[in-house]
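K.L.:
Contents are TSV, C-alpha atoms; file name coords_29.tsv:
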chain	number	residue	atom	x	y	z
J	1	MET	CA	-18.53	-159.48	15.23
J	2	ARG	CA	-21.07	-160.30	17.90
J	3	ILE	CA	-20.59	-159.60	21.60
J	4	SER	CA	-22.43	-162.13	23.73
J	5	ASP	CA	-24.03	-161.11	27.04
J	6	LEU	CA	-21.67	-158.75	28.84
J	7	SER	CA	-22.07	-160.64	32.12
J	8	ILE	CA	-23.75	-163.68	33.60
J	9	ASP	CA	-25.17	-164.08	37.09
J	10	ARG	CA	-24.33	-167.79	37.54
J	11	ILE	CA	-23.00	-170.80	35.66
J	12	TYR	CA	-25.00	-171.77	32.57
J	13	THR	CA	-24.86	-174.93	30.47
J	14	ASN	CA	-26.46	-176.21	27.28
J	15	GLU	CA	-26.15	-179.02	24.78
J	16	ARG	CA	-26.80	-178.87	21.04
J	17	THR	CA	-26.57	-181.19	18.05
J	18	ARG	CA	-25.68	-179.50	14.77
J	19	LYS	CA	-25.48	-180.82	11.22
J	20	THR	CA	-22.83	-179.81	8.72
J	21	GLU	CA	-25.37	-177.52	7.03
J	22	TYR	CA	-25.57	-175.34	10.13
J	23	GLU	CA	-23.61	-172.10	9.84
J	24	MET	CA	-22.74	-169.64	12.57
J	25	VAL	CA	-23.77	-166.19	11.42
J	26	GLU	CA	-20.56	-164.60	12.66
J	27	ASN	CA	-17.83	-165.01	15.22
J	28	HIS	CA	-18.24	-163.66	18.73
J	29	PHE	CA	-16.65	-163.18	22.12
J	30	HIS	CA	-17.91	-162.78	25.66
J	31	TYR	CA	-16.73	-161.45	28.98
J	32	TYR	CA	-16.80	-164.78	30.80
J	33	TYR	CA	-15.20	-168.22	30.42
J	34	GLU	CA	-16.49	-171.10	28.34
J	35	ILE	CA	-15.85	-174.84	28.20
J	36	TYR	CA	-16.70	-176.21	24.74
J	37	TYR	CA	-16.84	-180.02	24.82
J	38	VAL	CA	-17.50	-182.32	21.85
J	39	LYS	CA	-19.46	-185.48	22.72
J	40	HIS	CA	-19.76	-186.80	19.17
J	41	GLY	CA	-18.61	-185.64	15.75
J	42	THR	CA	-16.05	-183.13	14.54
J	43	CYS	CA	-15.93	-179.35	14.32
J	44	ARG	CA	-13.29	-176.82	13.32
J	45	PHE	CA	-12.62	-173.91	15.67
J	46	PHE	CA	-10.93	-170.61	14.93
J	47	ILE	CA	-9.58	-168.99	18.09
J	48	SER	CA	-6.44	-167.20	19.25
J	49	ASP	CA	-4.78	-167.02	15.80
J	50	SER	CA	-5.19	-170.78	15.25
J	51	LEU	CA	-7.48	-173.45	13.86
J	52	TYR	CA	-8.33	-176.51	15.94
J	53	ASP	CA	-10.13	-179.67	14.85
J	54	LEU	CA	-12.15	-181.02	17.78
J	55	HIS	CA	-13.24	-184.67	17.81
J	56	SER	CA	-15.20	-186.74	20.32
J	57	GLY	CA	-13.75	-186.25	23.81
J	58	ASP	CA	-11.95	-182.99	22.93
J	59	PHE	CA	-12.65	-179.70	24.65
J	60	LEU	CA	-11.50	-176.10	24.72
J	61	ILE	CA	-11.35	-173.81	27.72
J	62	ILE	CA	-11.92	-170.32	26.35
J	63	PRO	CA	-10.95	-167.28	28.46
J	64	PRO	CA	-12.91	-164.01	28.30
J	65	LYS	CA	-12.63	-161.74	25.25
J	66	GLU	CA	-11.22	-164.44	22.93
J	67	VAL	CA	-12.91	-164.20	19.54
J	68	HIS	CA	-14.01	-167.62	18.32
J	69	PHE	CA	-15.90	-169.17	15.44
J	70	ASN	CA	-16.61	-172.75	14.44
J	71	ARG	CA	-17.86	-174.87	11.59
J	72	TYR	CA	-19.22	-178.41	11.83
J	73	LEU	CA	-17.31	-180.95	9.74
J	74	SER	CA	-19.78	-183.73	10.60
J	75	GLN	CA	-22.96	-183.97	12.64
J	76	CYS	CA	-21.76	-182.84	16.04
J	77	THR	CA	-23.12	-182.92	19.59
J	78	ARG	CA	-21.40	-180.42	21.85
J	79	ALA	CA	-21.90	-179.16	25.39
J	80	ASN	CA	-21.13	-175.62	26.56
J	81	ILE	CA	-20.49	-174.44	30.10
J	82	TYR	CA	-20.28	-170.69	30.77
J	83	PHE	CA	-18.79	-169.46	34.03
J	84	ARG	CA	-17.04	-166.58	35.79
J	85	LYS	CA	-13.70	-166.42	37.52
J	86	ALA	CA	-15.63	-165.98	40.78
J	87	ASP	CA	-17.08	-169.48	40.35
J	88	LEU	CA	-13.61	-171.01	40.72
J	89	THR	CA	-11.99	-168.67	43.25
J	90	ASP	CA	-12.13	-168.16	46.99
J	91	ASN	CA	-10.97	-164.80	48.33
J	92	GLY	CA	-9.54	-164.01	44.90
J	93	LYS	CA	-7.47	-167.22	44.62
J	94	TRP	CA	-8.18	-170.28	42.47
J	95	PHE	CA	-9.75	-172.93	44.67
J	96	VAL	CA	-6.84	-175.21	43.72
J	97	PRO	CA	-3.72	-173.66	42.15
J	98	GLU	CA	-3.39	-176.49	39.61
J	99	ILE	CA	-6.25	-175.10	37.50
J	100	GLU	CA	-4.54	-171.79	36.74
J	101	PRO	CA	-2.67	-173.10	33.64
J	102	PHE	CA	-6.01	-174.29	32.24
J	103	VAL	CA	-7.73	-170.90	32.46
J	104	SER	CA	-4.88	-168.45	31.85
J	105	LYS	CA	-4.97	-169.05	28.07
J	106	VAL	CA	-6.88	-171.04	25.48
J	107	SER	CA	-6.47	-174.69	26.50
J	108	PHE	CA	-7.07	-177.59	24.11
J	109	LEU	CA	-7.50	-180.90	25.93
J	110	HIS	CA	-8.78	-184.46	25.49
J	111	VAL	CA	-10.65	-186.77	27.84
J	112	PRO	CA	-9.37	-190.38	27.47
J	113	ASP	CA	-11.98	-193.02	26.64
J	114	SER	CA	-11.64	-194.69	30.04
J	115	TYR	CA	-12.70	-191.50	31.85
J	116	ARG	CA	-15.25	-190.16	29.40
J	117	ALA	CA	-18.32	-191.63	31.14
J	118	ILE	CA	-17.37	-189.87	34.41
J	119	TRP	CA	-16.82	-186.58	32.59
J	120	GLU	CA	-19.99	-186.70	30.48
J	121	ASN	CA	-22.19	-187.85	33.38
J	122	LEU	CA	-21.07	-184.79	35.32
J	123	ILE	CA	-21.78	-182.48	32.38
J	124	ASP	CA	-25.22	-184.10	31.95
J	125	GLU	CA	-25.90	-183.56	35.66
J	126	MET	CA	-25.01	-179.88	35.26
J	127	THR	CA	-27.28	-179.56	32.24
J	128	ARG	CA	-30.22	-181.05	34.16
J	129	GLU	CA	-29.52	-178.75	37.08
J	130	ASP	CA	-29.42	-175.74	34.78
J	131	ARG	CA	-32.89	-176.63	33.48
J	132	LEU	CA	-34.23	-177.13	37.02
J	133	ASN	CA	-33.14	-173.60	37.96
J	134	ASP	CA	-34.36	-173.42	41.55
J	135	PRO	CA	-32.77	-171.39	44.39
J	136	LEU	CA	-30.16	-174.11	44.99
J	137	THR	CA	-29.09	-174.32	41.34
J	138	PRO	CA	-26.27	-171.71	41.42
J	139	GLU	CA	-24.42	-173.42	44.29
J	140	LEU	CA	-24.91	-176.93	42.92
J	141	LEU	CA	-23.59	-175.83	39.54
J	142	LYS	CA	-20.59	-174.23	41.22
J	143	LEU	CA	-19.81	-177.44	43.13
J	144	ASN	CA	-20.04	-179.52	39.95
J	145	LEU	CA	-17.94	-177.08	37.93
J	146	ARG	CA	-15.21	-177.42	40.54
J	147	ARG	CA	-15.50	-181.21	40.34
J	148	LEU	CA	-15.17	-180.95	36.56
J	149	PHE	CA	-11.94	-178.97	36.88
J	150	LEU	CA	-10.54	-181.40	39.43
J	151	TYR	CA	-11.19	-184.21	36.96
J	152	ALA	CA	-9.55	-182.13	34.22
J	153	VAL	CA	-6.44	-181.74	36.38
J	154	ARG	CA	-6.46	-185.47	37.15
J	155	PHE	CA	-6.95	-187.04	33.74
J	156	ALA	CA	-7.37	-184.58	30.85
J	157	VAL	CA	-4.58	-184.83	28.28
J	158	PRO	CA	-3.26	-181.60	26.70
J	159	HIS	CA	-3.31	-181.66	22.91
J	160	ALA	CA	-0.40	-180.45	20.89
J	161	GLN	CA	-1.49	-177.35	18.97
J	162	ASN	CA	-3.70	-178.59	16.17
J	163	ALA	CA	-3.57	-176.24	13.21
J	164	GLY	CA	-6.44	-177.87	11.33
J	165	ILE	CA	-5.09	-176.45	8.05
J	166	THR	CA	-6.31	-178.26	4.95
J	167	THR	CA	-5.45	-175.82	2.13
J	168	GLU	CA	-2.74	-173.34	1.23
J	169	SER	CA	-5.33	-170.56	1.33
J	170	ASP	CA	-6.17	-171.45	4.96
J	171	ALA	CA	-2.48	-171.21	5.76
J	172	GLY	CA	-2.42	-167.80	4.09
J	173	ILE	CA	-5.39	-166.62	6.14
J	174	LEU	CA	-3.82	-167.76	9.40
J	175	GLY	CA	-0.62	-166.03	8.37
J	176	ALA	CA	-2.63	-162.83	7.87
J	177	VAL	CA	-4.28	-163.20	11.28
J	178	GLN	CA	-0.91	-163.70	12.93
J	179	TYR	CA	0.47	-160.67	11.07
J	180	ILE	CA	-2.39	-158.58	12.47
J	181	THR	CA	-1.56	-159.84	15.96
J	182	ALA	CA	2.09	-158.82	15.62
J	183	HIS	CA	1.65	-155.55	13.67
J	184	TYR	CA	-1.77	-154.29	14.82
J	185	ASN	CA	-0.45	-150.75	15.46
J	186	GLU	CA	0.91	-150.35	11.93
J	187	PRO	CA	-1.01	-149.40	8.74
J	188	ILE	CA	-2.61	-152.61	7.42
J	189	THR	CA	-4.83	-152.92	4.35
J	190	LEU	CA	-6.76	-155.79	2.81
J	191	ASP	CA	-4.71	-155.51	-0.38
J	192	PHE	CA	-1.46	-155.78	1.58
J	193	LEU	CA	-2.56	-158.89	3.49
J	194	ALA	CA	-3.98	-160.50	0.36
J	195	GLY	CA	-0.65	-159.97	-1.38
J	196	ARG	CA	1.21	-161.58	1.52
J	197	ALA	CA	-1.13	-164.56	1.31
J	198	GLY	CA	-0.72	-164.82	-2.47
J	199	LEU	CA	-4.46	-164.40	-3.02
J	200	SER	CA	-6.59	-161.89	-4.89
J	201	PRO	CA	-8.23	-159.32	-2.58
J	202	SER	CA	-11.74	-160.57	-3.36
J	203	TYR	CA	-10.90	-164.23	-2.71
J	204	PHE	CA	-8.86	-163.33	0.36
J	205	SER	CA	-11.82	-161.40	1.76
J	206	ARG	CA	-14.23	-164.31	1.20
J	207	ARG	CA	-11.80	-166.86	2.63
J	208	PHE	CA	-10.99	-164.70	5.65
J	209	ARG	CA	-14.70	-164.51	6.44
J	210	MET	CA	-15.09	-168.27	6.00
J	211	VAL	CA	-12.18	-169.15	8.29
J	212	THR	CA	-12.57	-166.52	11.03
J	213	GLY	CA	-16.27	-165.69	10.88
J	214	THR	CA	-15.71	-161.98	10.33
J	215	ARG	CA	-14.33	-159.47	7.86
J	216	MET	CA	-10.64	-158.62	7.94
J	217	LYS	CA	-11.22	-154.98	8.89
J	218	GLU	CA	-13.54	-155.92	11.74
J	219	TYR	CA	-11.01	-158.41	13.11
J	220	LEU	CA	-8.23	-155.80	12.89
J	221	ILE	CA	-10.35	-153.31	14.85
J	222	TYR	CA	-11.07	-155.94	17.52
J	223	VAL	CA	-7.35	-156.63	18.02
J	224	ARG	CA	-6.51	-152.93	18.14
J	225	LEU	CA	-9.26	-152.21	20.65
J	226	GLY	CA	-8.05	-155.00	22.94
J	227	HIS	CA	-4.61	-153.40	23.12
J	228	ALA	CA	-6.13	-149.93	23.43
J	229	GLU	CA	-8.17	-151.07	26.45
J	230	THR	CA	-5.00	-152.27	28.17
J	231	GLU	CA	-3.16	-149.01	27.47
J	232	LEU	CA	-6.16	-146.95	28.56
J	233	LEU	CA	-6.25	-148.62	31.98
J	234	SER	CA	-2.50	-148.92	32.58
J	235	THR	CA	-1.21	-145.50	31.49
J	236	ALA	CA	-2.12	-141.82	31.77
J	237	HIS	CA	-1.95	-141.36	27.99
J	238	THR	CA	-4.59	-139.13	26.44
J	239	ILE	CA	-7.41	-140.69	24.43
J	240	THR	CA	-5.79	-139.43	21.23
J	241	GLU	CA	-2.43	-140.95	22.21
J	242	VAL	CA	-4.09	-144.29	22.95
J	243	ALA	CA	-5.82	-144.19	19.56
J	244	MET	CA	-2.64	-143.36	17.64
J	245	ASN	CA	-0.52	-145.89	19.54
J	246	ASN	CA	-2.89	-148.68	18.53
J	247	GLY	CA	-3.27	-148.05	14.83
J	248	PHE	CA	-6.22	-145.64	14.75
J	249	SER	CA	-5.43	-142.57	12.65
J	250	ASP	CA	-8.70	-140.87	13.63
J	251	SER	CA	-9.46	-140.45	17.35
J	252	ASN	CA	-13.18	-139.89	16.70
J	253	TYR	CA	-13.37	-143.20	14.80
J	254	PHE	CA	-11.54	-144.83	17.71
J	255	LYS	CA	-14.06	-143.42	20.19
J	256	ASP	CA	-17.01	-144.71	18.15
J	257	ALA	CA	-15.46	-148.18	17.75
J	258	PHE	CA	-14.57	-148.33	21.45
J	259	ARG	CA	-18.09	-147.39	22.51
J	260	LYS	CA	-19.56	-150.05	20.20
J	261	MET	CA	-17.38	-152.77	21.74
J	262	PHE	CA	-17.31	-151.73	25.41
J	263	GLY	CA	-20.58	-149.85	25.76
J	264	GLN	CA	-18.89	-146.66	27.02
J	265	SER	CA	-16.68	-143.92	25.68
J	266	PRO	CA	-12.95	-144.46	26.36
J	267	ARG	CA	-12.98	-141.64	28.94
J	268	ALA	CA	-16.01	-143.01	30.82
J	269	TYR	CA	-14.62	-146.56	30.66
J	270	ARG	CA	-11.29	-145.44	32.16
J	271	ALA	CA	-13.06	-143.48	34.91
J	272	SER	CA	-15.37	-146.35	35.86
J	273	ARG	CA	-12.57	-148.92	35.96
J	274	THR	CA	-10.24	-146.59	37.87
J	275	ASP	CA	-12.95	-145.99	40.47
J	276	LYS	CA	-13.42	-149.73	40.92
J	277	GLN	CA	-9.69	-150.29	41.27
J	278	ASP	CA	-9.36	-147.47	43.81
J	279	THR	CA	-12.26	-148.88	45.81
J	280	ALA	CA	-10.77	-152.39	45.78
J	281	GLU	CA	-7.40	-151.06	46.95
J	282	SER	CA	-9.06	-149.02	49.70
J	283	LEU	CA	-10.97	-152.08	50.88
J	284	LYS	CA	-7.75	-154.08	50.93
J	285	GLU	CA	-6.00	-151.37	52.95
J	286	GLY	CA	-8.94	-151.04	55.33
J	287	THR	CA	-9.53	-147.34	54.60
J	288	ILE	CA	-13.22	-147.85	53.76
J	289	GLN	CA	-15.71	-150.51	54.66
J	290	PRO	CA	-18.18	-152.20	52.31
J	291	ASP	CA	-21.89	-151.58	52.76
J	292	ARG	CA	-23.48	-154.28	54.87
J	293	GLU	CA	-27.05	-155.40	55.36
J	294	PRO	CA	-28.39	-154.21	58.76
Just give me the structure as structure tokens.
P.N.:
Amino acid sequence: MRISDLSIDRIYTNERTRKTEYEMVENHFHYYYEIYYVKHGTCRFFISDSLYDLHSGDFLIIPPKEVHFNRYLSQCTRANIYFRKADLTDNGKWFVPEIEPFVSKVSFLHVPDSYRAIWENLIDEMTREDRLNDPLTPELLKLNLRRLFLYAVRFAVPHAQNAGITTESDAGILGAVQYITAHYNEPITLDFLAGRAGLSPSYFSRRFRMVTGTRMKEYLIYVRLGHAETELLSTAHTITEVAMNNGFSDSNYFKDAFRKMFGQSPRAYRASRTDKQDTAESLKEGTIQPDREP
């Protein structure tokens, strides 16, 4: 599983055309938001325990830390916009409250034909601005991203959940993914999940990789670590307790996996995040003042 850049310093955009022969090496996640918009063609997306088939005019809004993977079912031209929460907030609040439902979870939406030219012209403008990359680029991209979200609120149509399932084996794999989501803190083996899916372990393993972009064990560790991060920051439980509560039978293995995903040991990660939270609360209460340029 690949972790994309841990942070970005402004909004970034790009556009790519891919043929069906193109294969993503593996799935990935990142610590910022993404809009994935399909201009032409069809692709199949695995994200948030589900498969989605995206056609022309469809787009996904992907929150941070959501593992995703896609395959191209036809030649496909897609545009990507990467942004931070700070790009859409003022003083910690969304610049318009109507966008919160779009960014609080994975959102699957469609731009009607009658509005597509407006939408795509704005994305093209952002792509040109990204390439220009002069001192004004960050603010112009922020203005246009906000325009894009206002248009999304005005005319984008929410899709019903689109499973994109074409075979019984795909259904079995999604069932296994959803089982991991619900039972992540219990003992789970490849053989057990393969049996639930009615597949041989070897075929299950190959199919799981094809659908999700990663191995079953790696996906299980990712889910467990996500819950472990939440517990680490919201409780005073020891590192060993956090490991055991989230399905890790070996605390040293947990520490190694956590460091690989988050770049710090669990103890250092907790300390750094707690310090930031304490500082933010002190600023809010007026007990300390931020450094200022003279």
K.L.:
How far is it from atom CA of Lys85 of chain J to atom CA of Ala257 of chain J, in Å with one decimal?
P.N.:
27.0 Å
K.L.:
Pick out the residues sitting within 9 Å of Thr189 of chain J, and hand them over as a VMD selection string; count all atoms listed in the file, and ignore anything fewer than 4 positions along from it in its own chain.
P.N.:
chain J and resid 193 to 194 216 to 217
K.L.:
Name the closest residue to Leu109 of chain J among the candidates J:Asn27, J:Gln178, J:Ser249, J:Ser56; distances are taken between atoms, counting all atoms listed in the file.
P.N.:
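The shortest atom-to-atom distance to Leu109 of chain J comes from J:Ser56.
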K.L.:
So, with all atoms listed in the file as the atoms that count, which of J:Asp256, J:Asp87, J:Asp113, J:Asp130 lies closest to Leu143 of chain J?
P.N.:
J:Asp87
K.L.:
Neighbouring residues of Lys255 of chain J were defined as those with any atom within 12 Å, considering all atoms listed in the file; residues of the same chain fewer than 5 positions away were excluded. Please report them as a PyMOL selection string.
P.N.:
chain J and resi 221+225+228-229+239-240+242-244+248-250+260-269
K.L.:
Of the residues J:Val111, J:Ile173, J:Phe208, J:Tyr82, which is the one nearest to Arg196 of chain J, using only C-alpha atoms?
P.N.:
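Closest to Arg196 of chain J of all the choices is J:Ile173.
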